[in-house]
>>> print(open('query_9.cif').read())   # mmCIF, C-alpha atoms
data_data
loop_
_atom_site.label_atom_id
_atom_site.label_comp_id
_atom_site.auth_asym_id
_atom_site.auth_seq_id
_atom_site.Cartn_x
_atom_site.Cartn_y
_atom_site.Cartn_z
CA MET A 695 78.04 97.79 8.64
CA SER A 696 76.56 97.43 12.14
CA MET A 697 77.02 93.66 11.97
CA TYR A 698 80.68 94.20 11.03
CA LYS A 699 81.16 96.52 14.02
CA GLN A 700 79.54 94.00 16.37
CA ALA A 701 81.76 91.21 15.03
CA SER A 702 84.88 93.36 15.40
CA GLN A 703 83.92 94.15 18.99
CA ARG A 704 83.34 90.50 19.86
CA LEU A 705 86.57 89.27 18.28
CA PRO A 706 88.97 90.52 21.03
CA ALA A 707 86.73 89.03 23.70
CA ALA A 708 86.67 85.68 21.87
CA LEU A 709 90.46 85.69 21.46
CA SER A 710 90.99 86.44 25.15
CA PHE A 711 88.71 83.58 26.22
CA PRO A 712 91.20 80.66 25.75
CA PRO A 713 94.01 82.39 27.76
CA LYS A 714 91.50 83.04 30.54
CA LEU A 715 90.54 79.37 30.57
CA LEU A 716 94.20 78.34 30.68
CA GLY A 717 94.82 80.78 33.52
CA MET A 718 91.88 79.39 35.49
CA TYR A 719 93.08 75.84 34.83
CA GLY A 720 96.62 76.69 35.97
CA GLU A 721 95.26 78.26 39.15
CA PHE A 722 93.15 75.17 39.82
CA ILE A 723 96.15 72.86 39.37
CA THR A 724 98.27 75.00 41.72
CA LYS A 725 95.62 75.10 44.43
CA ASN A 726 94.95 71.34 44.21
CA ALA A 727 98.47 70.09 43.48
CA SER A 728 98.24 67.24 45.97
CA ALA A 729 94.99 65.81 44.55
CA VAL A 730 96.20 66.25 40.97
CA SER A 731 99.42 64.36 41.73
CA GLN A 732 97.45 61.50 43.28
CA ILE A 733 95.11 61.27 40.28
CA GLU A 734 98.09 61.25 37.88
CA SER A 735 99.79 58.49 39.88
CA ALA A 736 96.61 56.41 39.95
CA LEU A 737 96.05 56.70 36.19
CA ARG A 738 99.71 55.97 35.47
CA SER A 739 99.63 52.90 37.71
CA LEU A 740 96.47 51.71 35.96
CA THR A 741 98.15 51.92 32.54
CA TYR A 742 101.16 50.00 33.89
CA ILE A 743 99.01 47.21 35.35
CA ILE A 744 96.97 46.62 32.19
CA PRO A 745 99.50 47.29 29.38
CA GLY A 746 98.13 44.84 26.84
CA ARG A 747 95.00 43.44 28.43
CA PHE A 748 92.80 44.94 25.71
CA ARG A 749 94.77 43.58 22.78
CA GLU A 750 92.07 44.40 20.28
CA SER A 751 92.14 48.05 21.36
CA GLU A 752 95.76 48.57 22.39
CA ILE A 753 95.75 52.00 20.74
CA ALA A 754 93.01 53.16 23.13
CA SER A 755 94.90 52.00 26.22
CA GLU A 756 98.19 53.46 24.95
CA SER A 757 96.42 56.74 24.12
CA LEU A 758 95.37 56.95 27.76
CA HIS A 759 98.95 56.34 28.91
CA SER A 760 100.39 58.92 26.48
CA GLY A 761 97.71 61.44 27.41
CA VAL A 762 98.49 61.11 31.12
CA GLN A 763 102.20 61.55 30.46
CA LEU A 764 101.69 64.64 28.29
CA LEU A 765 99.27 66.14 30.81
CA SER A 766 101.80 65.54 33.59
CA LEU A 767 104.44 67.30 31.49
CA TYR A 768 102.15 70.33 31.18
CA HIS A 769 101.38 70.23 34.90
CA ASP A 770 105.11 70.17 35.64
CA SER A 771 105.52 73.45 33.77
CA LEU A 772 102.61 75.03 35.65
CA LEU A 773 103.86 73.91 39.05
CA SER A 774 107.45 74.93 38.34
CA LYS A 775 106.26 78.46 37.50
CA ALA A 776 104.25 78.54 40.72
CA ILE A 777 107.16 77.33 42.84
CA ALA A 778 109.45 79.93 41.26
CA ARG A 779 107.22 82.65 42.74
CA LEU A 780 107.58 81.30 46.29
CA PRO A 781 110.06 82.80 48.77
CA GLY A 782 113.39 80.97 48.84
CA ALA A 783 112.76 79.63 52.35
CA GLN A 784 109.67 77.71 51.19
CA ARG A 785 111.35 75.95 48.26
CA LEU A 786 112.51 72.38 48.53
CA HIS A 787 116.18 71.48 48.24
CA SER A 788 116.76 70.57 44.57
CA THR A 789 118.64 67.47 43.46
CA PRO A 790 121.75 67.87 41.27
CA HIS A 791 119.76 66.60 38.29
CA ASN A 792 117.10 69.28 38.74
CA ARG A 793 119.66 72.03 39.36
CA TYR A 794 121.54 71.16 36.17
CA THR A 795 118.55 70.76 33.85
CA LYS A 796 116.82 73.82 35.34
CA PHE A 797 119.96 75.88 34.72
CA TRP A 798 120.06 75.03 31.01
CA SER A 799 116.28 75.36 30.62
CA GLN A 800 116.42 78.89 32.03
CA LYS A 801 119.62 79.89 30.25
CA SER A 802 118.64 78.63 26.80
CA PRO A 803 115.02 78.76 25.59
CA THR A 804 116.16 76.64 22.64
CA TYR A 805 117.36 73.92 25.03
CA LYS A 806 113.98 73.92 26.79
CA ARG A 807 112.00 73.72 23.54
CA ILE A 808 114.11 70.86 22.17
CA ALA A 809 113.95 69.00 25.50
CA ILE A 810 110.15 69.33 25.54
CA VAL A 811 109.92 68.01 21.97
CA LEU A 812 112.16 65.08 22.93
CA GLN A 813 110.02 64.27 25.97
CA MET A 814 106.81 64.46 23.95
CA ILE A 815 108.19 62.05 21.35
CA GLN A 816 109.26 59.61 24.07
CA TYR A 817 105.79 59.74 25.64
CA THR A 818 103.99 59.08 22.33
CA GLU A 819 106.46 56.93 20.34
CA LEU A 820 104.72 53.62 21.10
CA LEU A 821 101.38 55.12 20.11
CA TRP A 822 102.84 56.20 16.75
CA GLU A 823 104.26 52.70 16.24
CA MET A 824 100.92 51.08 17.02
CA ALA A 825 99.15 53.33 14.53
CA ALA A 826 101.80 52.68 11.86
CA LYS A 827 101.63 48.90 12.38
CA ARG A 828 98.05 48.92 11.11
CA LYS A 829 99.40 50.16 7.78
CA GLY A 830 101.86 47.26 7.53
CA GLU A 831 105.33 46.27 8.72
CA LYS A 832 107.16 48.44 6.18
CA ILE A 833 105.36 51.58 7.30
CA ARG A 834 105.89 50.61 10.93
CA TRP A 835 109.67 50.33 10.55
CA ARG A 836 109.83 53.58 8.60
CA VAL A 837 108.05 55.36 11.44
CA VAL A 838 110.34 53.73 14.04
CA VAL A 839 113.48 54.81 12.16
CA LEU A 840 112.08 58.32 11.63
CA LEU A 841 111.27 58.75 15.33
CA GLU A 842 114.70 57.46 16.37
CA ALA A 843 116.36 59.85 13.90
CA ILE A 844 114.38 62.83 15.24
CA LYS A 845 115.28 61.91 18.83
CA ALA A 846 118.96 61.53 17.89
CA LEU A 847 118.90 64.95 16.20
CA CYS A 848 117.35 66.50 19.33
CA ARG A 849 120.01 64.93 21.54
CA LEU A 850 122.85 66.07 19.26
CA LEU A 851 121.46 69.63 19.42
CA LEU A 852 121.24 69.41 23.23
CA LEU A 853 124.82 68.14 23.30
CA ARG A 854 125.91 71.19 21.30
CA LEU A 855 123.86 73.64 23.38
CA THR A 856 125.41 72.37 26.65
CA ASN A 857 128.93 72.79 25.22
CA PHE A 858 129.40 69.03 24.80
CA ARG A 859 128.42 67.81 28.24
CA PRO A 860 126.94 64.29 28.61
CA LEU A 861 123.18 64.12 28.23
CA LEU A 862 120.91 63.39 31.16
CA SER A 863 117.72 61.41 31.07
CA PRO A 864 115.24 63.03 31.34
CA PRO A 865 116.58 66.33 29.96
CA LEU A 866 113.99 68.36 31.92
CA PRO A 867 113.72 68.82 35.71
CA ARG A 868 111.69 66.22 37.56
CA ARG A 869 108.76 67.29 39.70
CA GLU A 870 110.12 68.18 43.14
CA ILE A 871 107.30 70.14 44.68
CA ASP A 872 105.65 69.93 48.08
CA PRO A 873 101.93 70.23 47.20
CA SER A 874 101.06 71.52 50.68
CA THR A 875 103.45 74.47 50.27
CA LEU A 876 101.82 75.49 47.01
CA GLU A 877 98.31 75.09 48.39
CA GLU A 878 99.15 77.17 51.48
CA SER A 879 100.69 79.91 49.36
CA SER A 880 97.63 79.94 47.08
CA SER A 881 95.32 80.22 50.07
CA SER A 882 97.32 83.13 51.49
CA VAL A 883 97.18 84.93 48.15
CA ASP A 884 93.38 84.57 48.15
CA GLY A 885 93.21 86.01 51.67
CA MET A 886 92.31 82.68 53.23
CA ASP A 887 95.24 82.26 55.60
CA THR A 888 94.99 79.14 57.72
CA PRO A 889 96.57 78.94 61.18
CA PRO A 890 99.85 77.01 61.24
CA SER A 891 99.62 73.40 62.32
CA GLU A 892 100.95 72.46 65.75
CA HIS A 893 102.96 69.67 64.16
CA SER A 894 104.31 71.65 61.23
CA ALA A 895 107.73 70.58 60.03
CA GLU A 896 109.27 74.00 60.67
CA ALA A 897 108.36 76.61 63.27
CA GLU A 898 107.91 80.30 62.62
CA ASN A 899 110.96 82.52 62.19
CA TRP A 900 112.52 83.90 65.39
CA THR A 901 113.24 87.65 65.45
CA MET A 902 116.36 88.73 67.36
CA PRO A 903 115.49 91.53 69.83
CA ARG A 904 118.55 93.77 69.26
CA THR A 905 119.14 93.63 65.52
CA GLY A 906 115.61 92.81 64.41
CA LEU A 907 116.95 90.16 62.05
CA SER A 908 114.98 86.95 61.71
CA MET A 909 116.30 83.40 61.87
CA PRO A 910 114.46 80.22 60.87
CA GLY A 911 113.00 78.44 63.85
CA LEU A 912 113.64 74.81 64.71
CA PRO A 913 110.93 72.17 64.31
CA ASP A 914 109.58 69.90 67.01
CA SER A 915 112.13 67.81 68.89
CA SER A 916 111.02 64.65 67.06
CA ASP A 917 111.91 66.15 63.68
CA ILE A 918 115.21 67.86 64.52
CA SER A 919 117.44 65.08 63.08
CA SER A 920 115.68 64.96 59.73
CA TYR A 921 115.51 68.76 59.66
CA LEU A 922 119.27 69.14 60.22
CA LEU A 923 120.11 66.43 57.67
CA SER A 924 118.02 68.25 55.08
CA LYS A 925 120.13 71.38 55.63
CA VAL A 926 123.50 69.62 55.17
CA LEU A 927 125.31 70.73 52.02
CA THR A 928 127.43 68.34 49.95
CA ALA A 929 130.20 69.22 47.52
CA ASP A 930 127.77 69.05 44.59
CA ASP A 931 125.33 71.40 46.36
CA ILE A 932 127.80 74.30 46.36
CA LYS A 933 129.03 73.77 42.81
CA PRO A 934 127.62 75.96 40.03
CA PRO A 935 124.98 73.93 38.11
CA LYS A 936 127.09 74.01 34.95
CA SER A 937 129.99 72.32 36.81
CA LEU A 938 127.91 69.28 37.81
CA LEU A 939 128.92 67.63 34.52
CA HIS A 940 132.37 67.78 32.93
CA ARG A 941 132.69 68.69 29.27
CA VAL A 942 133.64 65.82 26.98
CA SER A 943 136.19 66.03 24.20
CA GLY A 944 138.12 63.64 22.00
CA LYS A 945 137.26 60.08 22.97
CA GLY A 946 134.49 61.25 25.28
CA GLU A 947 132.83 63.22 22.50
CA ILE A 948 133.00 60.23 20.15
CA ALA A 949 131.55 58.00 22.89
CA GLU A 950 128.63 60.36 23.52
CA CYS A 951 127.85 60.63 19.80
CA LEU A 952 127.94 56.84 19.45
CA PHE A 953 125.62 56.51 22.43
CA ILE A 954 123.17 58.96 20.82
CA LEU A 955 123.30 57.37 17.36
CA ARG A 956 123.10 53.75 18.56
CA PRO A 957 119.24 53.60 18.55
CA VAL A 958 119.13 54.87 14.94
CA ILE A 959 121.71 52.32 13.78
CA TYR A 960 119.95 49.51 15.65
CA ALA A 961 116.54 50.49 14.24
CA LEU A 962 117.97 50.58 10.69
CA ALA A 963 119.51 47.14 11.23
CA MET A 964 116.22 45.77 12.57
CA GLN A 965 114.43 47.22 9.54
CA HIS A 966 116.95 45.65 7.15
CA TRP A 967 116.71 42.17 8.75
CA SER A 968 113.02 42.41 9.69
CA GLY A 969 112.31 39.24 7.72
CA ASP A 970 114.43 37.17 10.11
CA ARG A 971 113.52 38.06 13.68
CA LYS A 972 115.97 35.50 15.08
CA SER A 973 118.99 37.00 13.31
CA TRP A 974 121.78 37.92 15.75
CA ARG A 975 123.35 40.58 13.49
CA PRO A 976 121.21 43.59 14.55
CA TRP A 977 121.45 42.59 18.22
CA LEU A 978 125.23 42.17 18.16
CA LEU A 979 125.66 45.44 16.25
CA GLY A 980 123.52 47.47 18.65
CA LEU A 981 124.97 45.94 21.82
CA SER A 982 128.57 46.34 20.65
CA ILE A 983 128.02 50.05 19.85
CA GLU A 984 126.40 50.80 23.22
CA TYR A 985 128.93 48.78 25.24
CA GLY A 986 131.83 50.22 23.23
CA ALA A 987 130.57 53.77 23.81
CA ARG A 988 130.34 53.10 27.55
CA GLN A 989 133.89 51.73 27.76
CA LEU A 990 135.25 54.58 25.62
CA ALA A 991 133.57 57.15 27.90
CA LYS A 992 135.01 55.50 31.03
CA LYS A 993 138.47 55.43 29.46
CA ASP A 994 138.18 59.14 28.62
CA PHE A 995 137.22 59.95 32.22
CA GLN A 996 140.15 57.94 33.55
CA GLU A 997 142.61 59.80 31.31
CA ARG A 998 141.26 63.34 31.70
CA LEU A 999 139.99 63.64 35.27
CA ALA A 1000 142.21 63.87 38.32
CA GLY A 1001 141.66 60.62 40.19
CA GLY A 1002 140.07 58.92 37.19
CA LEU A 1003 136.56 57.63 37.82
CA ARG A 1004 136.84 58.79 41.44
CA GLY A 1005 136.87 62.35 40.14
CA LEU A 1006 133.35 62.03 38.73
CA THR A 1007 130.63 64.17 40.24
CA GLY A 1008 127.66 62.53 41.89
CA LEU A 1009 125.47 63.39 38.92
CA GLU A 1010 127.94 61.80 36.48
CA ARG A 1011 128.14 58.62 38.58
CA GLU A 1012 124.34 58.45 38.70
CA GLU A 1013 124.03 58.80 34.92
CA LEU A 1014 126.81 56.26 34.29
CA ARG A 1015 125.12 53.80 36.66
CA LYS A 1016 121.76 54.37 34.94
CA ARG A 1017 123.27 53.64 31.54
CA GLY A 1018 124.88 50.49 32.95
CA TRP A 1019 121.55 49.17 34.19
CA ALA A 1020 120.01 50.01 30.80
CA LEU A 1021 122.28 47.39 29.21
CA GLY A 1022 120.09 44.77 30.87
CA TRP A 1023 117.29 45.63 28.43
CA TRP A 1024 119.28 43.91 25.68
CA MET A 1025 117.95 40.63 27.09
CA MET A 1026 114.48 41.80 25.97
CA ARG A 1027 115.46 42.81 22.43
CA GLY A 1028 115.96 41.21 19.07
CA ALA A 1029 117.52 37.80 18.73
CA PHE A 1030 118.24 37.38 22.45
CA TYR A 1031 114.55 37.77 23.21
CA GLU A 1032 113.40 35.59 20.32
CA ASN A 1033 115.88 32.76 20.99
CA ILE A 1034 116.26 32.80 24.78
CA THR A 1035 114.09 35.17 26.85
CA LYS A 1036 110.79 34.42 25.12
CA ALA A 1037 110.96 30.69 25.89
CA TRP A 1038 111.89 31.42 29.52
CA ILE A 1039 108.92 33.81 29.91
CA HIS A 1040 106.52 31.23 28.44
CA SER A 1041 107.87 28.62 30.84
CA LEU A 1042 107.46 30.98 33.82
CA THR A 1043 103.89 32.02 32.96
CA GLY A 1044 102.98 28.39 32.38
CA LYS A 1045 104.09 27.50 35.91
CA LEU A 1046 102.12 30.40 37.40
CA ARG A 1047 98.90 29.56 35.56
CA ASN A 1048 95.92 28.27 37.62
CA LYS A 1049 97.57 29.19 40.93
CA PRO A 1050 95.92 31.59 43.38
CA LEU A 1051 97.34 35.15 43.22
CA LEU A 1052 100.34 33.97 41.19
CA ASP A 1053 98.01 33.59 38.23
CA ILE A 1054 97.42 37.37 38.33
CA VAL A 1055 101.18 37.98 38.17
CA GLY A 1056 101.45 35.59 35.25
CA GLY A 1057 98.64 37.42 33.45
CA VAL A 1058 100.41 40.78 33.81
CA ILE A 1059 103.66 39.24 32.49
CA GLU A 1060 101.77 37.82 29.50
CA ASP A 1061 100.30 41.26 28.80
CA TYR A 1062 103.76 42.81 28.78
CA GLU A 1063 105.06 39.90 26.71
CA PHE A 1064 102.52 40.83 24.05
CA LEU A 1065 104.03 44.33 23.82
CA TRP A 1066 107.64 43.09 23.90
CA ASP A 1067 106.88 40.62 21.12
CA GLN A 1068 104.91 42.90 18.80
CA TYR A 1069 106.52 46.33 19.18
CA TYR A 1070 109.94 47.95 19.20
CA PHE A 1071 109.56 50.87 21.62
CA PRO A 1072 108.50 49.08 24.86
CA THR A 1073 112.13 47.98 25.35
CA ALA A 1074 113.74 51.19 24.06
CA THR A 1075 115.79 53.01 26.71
CA LEU A 1076 116.58 56.24 24.84
#
>>> encode(input="query_9.cif", output="structure tokens")
Amino acid sequence: MSMYKQASQRLPAALSFPPKLLGMYGEFITKNASAVSQIESALRSLTYIIPGRFRESEIASESLHSGVQLLSLYHDSLLSKAIARLPGAQRLHSTPHNRYTKFWSQKSPTYKRIAIVLQMIQYTELLWEMAAKRKGEKIRWRVVVLLEAIKALCRLLLLRLTNFRPLLSPPLPRREIDPSTLEESSSSVDGMDTPPSEHSAEAENWTMPRTGLSMPGLPDSSDISSYLLSKVLTADDIKPPKSLLHRVSGKGEIAECLFILRPVIYALAMQHWSGDRKSWRPWLLGLSIEYGARQLAKKDFQERLAGGLRGLTGLEREELRKRGWALGWWMMRGAFYENITKAWIHSLTGKLRNKPLLDIVGGVIEDYEFLWDQYYFPTATL
């Protein structure tokens, strides 16, 4: 009986131990945000430079890349919570993308959970494909189609949750945090206030003698221009976050659904014709769906919005431009890659071989060529 009592007394302490560790870890990340960001960037750059150099252990190198991405995603959530506790004057001016995605993440917990799941799949999809490839090509293509179907389902749910507004990539806010601001705030909370720097970007607030109200002070004369430009408000800055994207309906809704379903259809076509890698049918089918969806969306904007495409918000123009550039990846997919791009890459790397410095560039291209040739997800844009 005494042993049972001792175990029951230790159980709450044991259960409270992991949250304490997570709290200590979150505090450490907040206090050292600058160093953590630099380490993340260094590791991410390393995984980009040596994508396929260890071809016999590509799963190990891709696991490192996926791990860094997932850890960065967790750090983003920690830092966003920390920045939300700062006074409004210390927060950075958010981009339209961050304002919009932050609005939906805060308004709908379901949106945030689905967006996190979608991001996690995108960060690990190549790792899943590599693991499935060891079981054979049939298993590999089943996993690819399954992952594309799950991502499409997530995007369709996000489309419904945002009342049929076009999807943004990524669906979560990007990291827009000044590490020094967080570190200073953490130091002040711990009672370790440091004197303000003589060359700080913004001076202390000025208190008016009669009213007692405070106004933000101006920075040094050398920084006044950049300071004033940072305070300028555009039309998108004063819009409610929900109004940064127009709702789609009719043709626009069909176009957005086609854009979301295109990767699933293309993956199914690639699976069906996997025996003939030089077949143009999957490539033509996928490209025609994506290009057709883009043209249908532009036509819908021209018919519905006052001023046509000129009536688009800055965020809509940015997303439309991003999707236009993504069409260039079709040169690295399917039959176009097998019949045209692959021969051009081999010719280029052959010319760079055995030449000082250029040989290093050729080696990196060959490493990427290994991934483009063997796997589906390195050239996926959704």
>>> resolve_selection(input="query_9.cif", expression="the PyMOL selection byres ((chain A and resi 752-759) around 12)", output="PyMOL selection string")
chain A and resi 734-751+760-766+816-828+1061-1062+1064-1065+1068-1069+1072
>>> write_last_selection(input="query_9.cif", atoms="C-alpha atoms", output="mmCIF file, in the frame of the given file")
data_model
loop_
_atom_site.group_PDB
_atom_site.id
_atom_site.type_symbol
_atom_site.label_atom_id
_atom_site.label_comp_id
_atom_site.auth_asym_id
_atom_site.auth_seq_id
_atom_site.Cartn_x
_atom_site.Cartn_y
_atom_site.Cartn_z
ATOM 1 C CA GLU A 734 98.090 61.250 37.880
ATOM 2 C CA SER A 735 99.790 58.490 39.880
ATOM 3 C CA ALA A 736 96.610 56.410 39.950
ATOM 4 C CA LEU A 737 96.050 56.700 36.190
ATOM 5 C CA ARG A 738 99.710 55.970 35.470
ATOM 6 C CA SER A 739 99.630 52.900 37.710
ATOM 7 C CA LEU A 740 96.470 51.710 35.960
ATOM 8 C CA THR A 741 98.150 51.920 32.540
ATOM 9 C CA TYR A 742 101.160 50.000 33.890
ATOM 10 C CA ILE A 743 99.010 47.210 35.350
ATOM 11 C CA ILE A 744 96.970 46.620 32.190
ATOM 12 C CA PRO A 745 99.500 47.290 29.380
ATOM 13 C CA GLY A 746 98.130 44.840 26.840
ATOM 14 C CA ARG A 747 95.000 43.440 28.430
ATOM 15 C CA PHE A 748 92.800 44.940 25.710
ATOM 16 C CA ARG A 749 94.770 43.580 22.780
ATOM 17 C CA GLU A 750 92.070 44.400 20.280
ATOM 18 C CA SER A 751 92.140 48.050 21.360
ATOM 19 C CA SER A 760 100.390 58.920 26.480
ATOM 20 C CA GLY A 761 97.710 61.440 27.410
ATOM 21 C CA VAL A 762 98.490 61.110 31.120
ATOM 22 C CA GLN A 763 102.200 61.550 30.460
ATOM 23 C CA LEU A 764 101.690 64.640 28.290
ATOM 24 C CA LEU A 765 99.270 66.140 30.810
ATOM 25 C CA SER A 766 101.800 65.540 33.590
ATOM 26 C CA GLN A 816 109.260 59.610 24.070
ATOM 27 C CA TYR A 817 105.790 59.740 25.640
ATOM 28 C CA THR A 818 103.990 59.080 22.330
ATOM 29 C CA GLU A 819 106.460 56.930 20.340
ATOM 30 C CA LEU A 820 104.720 53.620 21.100
ATOM 31 C CA LEU A 821 101.380 55.120 20.110
ATOM 32 C CA TRP A 822 102.840 56.200 16.750
ATOM 33 C CA GLU A 823 104.260 52.700 16.240
ATOM 34 C CA MET A 824 100.920 51.080 17.020
ATOM 35 C CA ALA A 825 99.150 53.330 14.530
ATOM 36 C CA ALA A 826 101.800 52.680 11.860
ATOM 37 C CA LYS A 827 101.630 48.900 12.380
ATOM 38 C CA ARG A 828 98.050 48.920 11.110
ATOM 39 C CA ASP A 1061 100.300 41.260 28.800
ATOM 40 C CA TYR A 1062 103.760 42.810 28.780
ATOM 41 C CA PHE A 1064 102.520 40.830 24.050
ATOM 42 C CA LEU A 1065 104.030 44.330 23.820
ATOM 43 C CA GLN A 1068 104.910 42.900 18.800
ATOM 44 C CA TYR A 1069 106.520 46.330 19.180
ATOM 45 C CA PRO A 1072 108.500 49.080 24.860
#
>>> closest_residue(input="query_9.cif", among="A:Lys775, A:Lys801, A:Arg975, A:Lys993", to="Ala963 in chain A", atoms="all atoms listed in the file")
A:Arg975
>>> atom_distance(input="query_9.cif", atom1="CA of Lys829 in chain A", atom2="CA of Gln813 in chain A")
25.4 Å
>>> residues_around(input="query_9.cif", residues="Val811 in chain A", least_positions_apart="2", cutoff="12 Å", atoms="all atoms listed in the file", output="CSV table (one decimal) with C-alpha atoms, in the coordinates of the input")
chain,number,residue,atom,x,y,z
A,764,LEU,CA,101.7,64.6,28.3
A,767,LEU,CA,104.4,67.3,31.5
A,804,THR,CA,116.2,76.6,22.6
A,805,TYR,CA,117.4,73.9,25.0
A,806,LYS,CA,114.0,73.9,26.8
A,807,ARG,CA,112.0,73.7,23.5
A,808,ILE,CA,114.1,70.9,22.2
A,809,ALA,CA,114.0,69.0,25.5
A,813,GLN,CA,110.0,64.3,26.0
A,814,MET,CA,106.8,64.5,24.0
A,815,ILE,CA,108.2,62.0,21.4
A,816,GLN,CA,109.3,59.6,24.1
A,817,TYR,CA,105.8,59.7,25.6
A,818,THR,CA,104.0,59.1,22.3
A,819,GLU,CA,106.5,56.9,20.3
A,841,LEU,CA,111.3,58.8,15.3
A,844,ILE,CA,114.4,62.8,15.2
A,845,LYS,CA,115.3,61.9,18.8
A,846,ALA,CA,119.0,61.5,17.9
A,847,LEU,CA,118.9,65.0,16.2
A,848,CYS,CA,117.4,66.5,19.3
A,849,ARG,CA,120.0,64.9,21.5
A,851,LEU,CA,121.5,69.6,19.4
A,852,LEU,CA,121.2,69.4,23.2
A,864,PRO,CA,115.2,63.0,31.3
A,865,PRO,CA,116.6,66.3,30.0
A,866,LEU,CA,114.0,68.4,31.9
>>> resolve_selection(input="query_9.cif", expression="the PyMOL selection byres ((chain A and resi 788-799) around 7)", output="ChimeraX atom specification")
/A:786-787,800-803,805-806,865-868,930,935-936,938,1009
>>> write_last_selection(input="query_9.cif", atoms="C-alpha atoms", output="mmCIF file, keeping the file's coordinate frame")
data_model
loop_
_atom_site.group_PDB
_atom_site.id
_atom_site.type_symbol
_atom_site.label_atom_id
_atom_site.label_comp_id
_atom_site.auth_asym_id
_atom_site.auth_seq_id
_atom_site.Cartn_x
_atom_site.Cartn_y
_atom_site.Cartn_z
ATOM 1 C CA LEU A 786 112.510 72.380 48.530
ATOM 2 C CA HIS A 787 116.180 71.480 48.240
ATOM 3 C CA GLN A 800 116.420 78.890 32.030
ATOM 4 C CA LYS A 801 119.620 79.890 30.250
ATOM 5 C CA SER A 802 118.640 78.630 26.800
ATOM 6 C CA PRO A 803 115.020 78.760 25.590
ATOM 7 C CA TYR A 805 117.360 73.920 25.030
ATOM 8 C CA LYS A 806 113.980 73.920 26.790
ATOM 9 C CA PRO A 865 116.580 66.330 29.960
ATOM 10 C CA LEU A 866 113.990 68.360 31.920
ATOM 11 C CA PRO A 867 113.720 68.820 35.710
ATOM 12 C CA ARG A 868 111.690 66.220 37.560
ATOM 13 C CA ASP A 930 127.770 69.050 44.590
ATOM 14 C CA PRO A 935 124.980 73.930 38.110
ATOM 15 C CA LYS A 936 127.090 74.010 34.950
ATOM 16 C CA LEU A 938 127.910 69.280 37.810
ATOM 17 C CA LEU A 1009 125.470 63.390 38.920
#
>>> atom_distance(input="query_9.cif", atom1="CA of Phe1030 in chain A", atom2="CA of Asp970 in chain A")
12.9 Å
>>> atom_distance(input="query_9.cif", atom1="CA of Ala987 in chain A", atom2="CA of Leu955 in chain A")
10.4 Å
>>> closest_residue(input="query_9.cif", among="A:Gln965, A:Thr724, A:Gln996, A:Thr856", to="Val838 in chain A", atoms="all atoms listed in the file")
A:Gln965
>>> resolve_selection(input="query_9.cif", expression="the PyMOL selection byres ((chain A and resi 1017) around 10)", output="PyMOL selection string")
chain A and resi 863+953+984-985+988+1011-1016+1018-1022+1075-1076
>>> residues_around(input="query_9.cif", residues="Leu1042 in chain A", least_positions_apart="3", cutoff="12 Å", atoms="all atoms listed in the file", output="NGL selection string")
:A and (1035-1039 or 1045-1047 or 1052-1053 or 1055-1057 or 1059-1060 or 1063)
